[in-house]
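S.K.: Take a look at the following structure, please.
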Amino acid sequence: MTRTPFFPKFADLPTELAVFPLPGAVLMPGVQLPLNIFEPRYLRMINDVLAADHLLGMIQPQETPGEDETPTPAPLHPVGCAGRITSYSETSDGRIVLVLTGVCRFRVTGELAERAGYRRVAPEWRDFAADLDEPVSGAIAERRPFLVALERYCQVRHVEVPWQDLEQMPDTDLVNLLCAHLPLSPEDKQALIETLETPARAVLMRGLLEMATIADIDVDDQRH
């Protein structure tokens, strides 16, 4: 994915970050994520973000068993990814449609007081400084077996992907794109986003794809 000239430098990343907690949705550096914003608190959040540095954190909430009588916001996973709003439009029915382009992952060091109803965190960027580097080729040790595992997974799950485009992508961009957009479980997506380096993330993803493919084939066999 292209790193735009509007991306911040590492030293300019903020010490406070508005976050959008959304289960099953992760962002990765260089990847674009479309969002449809309609809740009043998140509309206020987007307006505040646009008035500041255009940076917004995507992070998954943790699953909490059961519900009590006075529900509180679910705790956040420890790692998310900040993105920059790179496209923005307002609709006649009061929604905001935007595109968030991933900039850098972060580790949550603490949650701050809410502002106008939306959540904020204190991010630590240091572990993920390499996210702002240009993608490096050759990061997947065995690219062909990786793509074979992906193809089998897509066939079983009936997922359509632009194979010609994927073949030409640098390894890091390829893995990051798949992390964000494959229909993996929220737990699998979180494990991938927390894996620091592309080679290890590619190994983990290949294993997850192969396990999911085998599980689906076994389910189909039992049905027949």
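Numbering starts fresh at 1 for the residues of each chain in the structure tokens, the chains themselves are lettered A, B, ... in the order given, and ligands are numbered from 1 as they appear.
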Glu151 in chain A: which residues within 12 Å, counting only C-alpha atoms, same-chain residues fewer than 2 positions away excluded, as a ChimeraX atom specification?
M.R.: /A:144-149,153-163,166-167,182,206,209-210,213
S.K.: Need to verify the contact set: Phe7 in chain A, 9 Å, only C-alpha atoms, exclusion of same-chain residues closer than 2 positions in sequence. Can you return it as a list in words?
M.R.: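 Residues meeting the cut-off are Arg3, Thr4, Pro5, Lys9, Arg84, Val103 and Leu132 of chain A.
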S.K.: Output C-alpha atoms of each residue in that selection to a file, as a short mmCIF file (atom, residue, chain, number, x, y, z; two decimals), in the first residue's frame.
M.R.:
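Generated output (out.cif):
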```cif
data_model
loop_
_atom_site.label_atom_id
_atom_site.label_comp_id
_atom_site.auth_asym_id
_atom_site.auth_seq_id
_atom_site.Cartn_x
_atom_site.Cartn_y
_atom_site.Cartn_z
CA ARG A 3 2.36 5.64 2.21
CA THR A 4 0.99 9.12 1.53
CA PRO A 5 3.04 12.29 2.15
CA LYS A 9 6.50 11.07 11.18
CA ARG A 84 -5.52 8.70 9.11
CA VAL A 103 -0.53 4.44 9.85
CA LEU A 132 6.08 3.59 9.26
#
```
S.K.: Just asking: which residues within range 4-108 of chain A are alpha helix (DSSP H) according to DSSP, as a PyMOL selection string?
M.R.: chain A and resi 40-51
S.K.: Applying 7 Å and only C-alpha atoms, which residues near Leu22 in chain A remain after dropping the ones on its own chain fewer than 2 positions away? List them as a list in words.
M.R.: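 What passes the distance filter is Phe20, Gly24, Ala25, Ile59, Gln60 and Pro61 of chain A.
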S.K.: Between A:Leu17, A:Ala191, A:Ala202, A:Cys179, which residue has the minimum interatomic distance to Gly110 in chain A, considering only C-alpha atoms?
M.R.: A:Leu17
S.K.: Find the spatial neighbours of Ala139 in chain A, counting only C-alpha atoms, within a cut-off of 7 Å - ignore same-chain residues fewer than 5 positions away - and output them as a list in words.
M.R.: Asp171, Thr172, Thr198 and Pro199 of chain A
S.K.: Can you spit out the residues from that selection as a short mmCIF file (atom, residue, chain, number, x, y, z; two decimals), in the first residue's frame, using N, CA, C and O atoms?
M.R.:
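Heads up, here's the output in result-v1.cif:
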```cif
data_model
loop_
_atom_site.label_atom_id
_atom_site.label_comp_id
_atom_site.auth_asym_id
_atom_site.auth_seq_id
_atom_site.Cartn_x
_atom_site.Cartn_y
_atom_site.Cartn_z
N ASP A 171 5.35 -8.32 0.20
CA ASP A 171 4.90 -9.26 1.23
C ASP A 171 4.19 -8.57 2.39
O ASP A 171 3.13 -9.01 2.84
N THR A 172 4.78 -7.50 2.90
CA THR A 172 4.20 -6.84 4.06
C THR A 172 2.82 -6.28 3.75
O THR A 172 1.88 -6.43 4.54
N THR A 198 6.44 -9.01 10.12
CA THR A 198 5.73 -9.64 9.00
C THR A 198 6.04 -11.12 8.86
O THR A 198 5.10 -11.92 8.65
N PRO A 199 7.30 -11.59 8.92
CA PRO A 199 7.55 -13.03 8.74
C PRO A 199 6.78 -13.88 9.75
O PRO A 199 6.15 -14.89 9.37
#
```
S.K.: Pick the closest to Glu90 in chain A from A:Ala51, A:Met205, A:Ile193, A:Ile46: which is it, counting only C-alpha atoms?
M.R.: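 Among the listed residues, the smallest separation from Glu90 in chain A belongs to A:Ile46.
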S.K.: So, with only C-alpha atoms as the atoms that count, which of A:Ala74, A:Thr86, A:Met211, A:Tyr118 lies closest to Arg41 in chain A?
M.R.: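 Using only C-alpha atoms, the shortest distance to Arg41 in chain A belongs to A:Tyr118.
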S.K.: Env of Ala113 in chain A: 12 Å cut, atoms = only C-alpha atoms, seq-sep filter 3 positions within chain, self excluded. Answer as a short mmCIF file (atom, residue, chain, number, x, y, z; two decimals) with N, CA, C and O atoms, in the first residue's frame.
M.R.:
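out09.cif, freshly written:
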```
data_model
loop_
_atom_site.label_atom_id
_atom_site.label_comp_id
_atom_site.auth_asym_id
_atom_site.auth_seq_id
_atom_site.Cartn_x
_atom_site.Cartn_y
_atom_site.Cartn_z
N GLU A 16 -2.19 11.14 22.97
CA GLU A 16 -3.58 10.81 23.25
C GLU A 16 -4.27 10.47 21.94
O GLU A 16 -3.98 11.09 20.90
N LEU A 17 -5.19 9.49 21.98
CA LEU A 17 -5.78 9.02 20.73
C LEU A 17 -7.24 8.64 20.96
O LEU A 17 -7.55 7.83 21.85
N ALA A 18 -8.14 9.21 20.16
CA ALA A 18 -9.52 8.76 20.15
C ALA A 18 -9.57 7.38 19.51
O ALA A 18 -8.87 7.12 18.53
N VAL A 19 -10.42 6.50 20.06
CA VAL A 19 -10.49 5.14 19.52
C VAL A 19 -11.93 4.77 19.19
O VAL A 19 -12.88 5.23 19.83
N GLY A 110 -2.99 2.98 28.88
CA GLY A 110 -4.03 3.37 29.82
C GLY A 110 -5.18 4.00 29.07
O GLY A 110 -5.02 4.53 27.97
N ALA A 116 -16.92 13.74 25.17
CA ALA A 116 -18.15 13.82 24.37
C ALA A 116 -18.74 12.44 24.09
O ALA A 116 -19.36 12.22 23.06
N GLY A 117 -18.52 11.50 25.03
CA GLY A 117 -19.12 10.18 24.90
C GLY A 117 -18.28 9.13 24.21
O GLY A 117 -18.66 7.96 24.18
N TYR A 118 -17.13 9.52 23.63
CA TYR A 118 -16.29 8.52 22.96
C TYR A 118 -15.03 8.25 23.79
O TYR A 118 -14.62 9.07 24.62
N ARG A 119 -14.42 7.10 23.54
CA ARG A 119 -13.31 6.64 24.36
C ARG A 119 -11.97 7.11 23.80
O ARG A 119 -11.81 7.29 22.58
N ARG A 120 -11.01 7.29 24.72
CA ARG A 120 -9.67 7.72 24.34
C ARG A 120 -8.64 6.91 25.11
O ARG A 120 -8.92 6.45 26.22
N VAL A 121 -7.46 6.77 24.53
CA VAL A 121 -6.40 6.02 25.19
C VAL A 121 -5.09 6.79 25.12
O VAL A 121 -4.93 7.72 24.31
N ALA A 122 -4.17 6.37 25.99
CA ALA A 122 -2.78 6.82 25.90
C ALA A 122 -2.01 5.72 25.15
O ALA A 122 -1.86 4.62 25.66
#
```
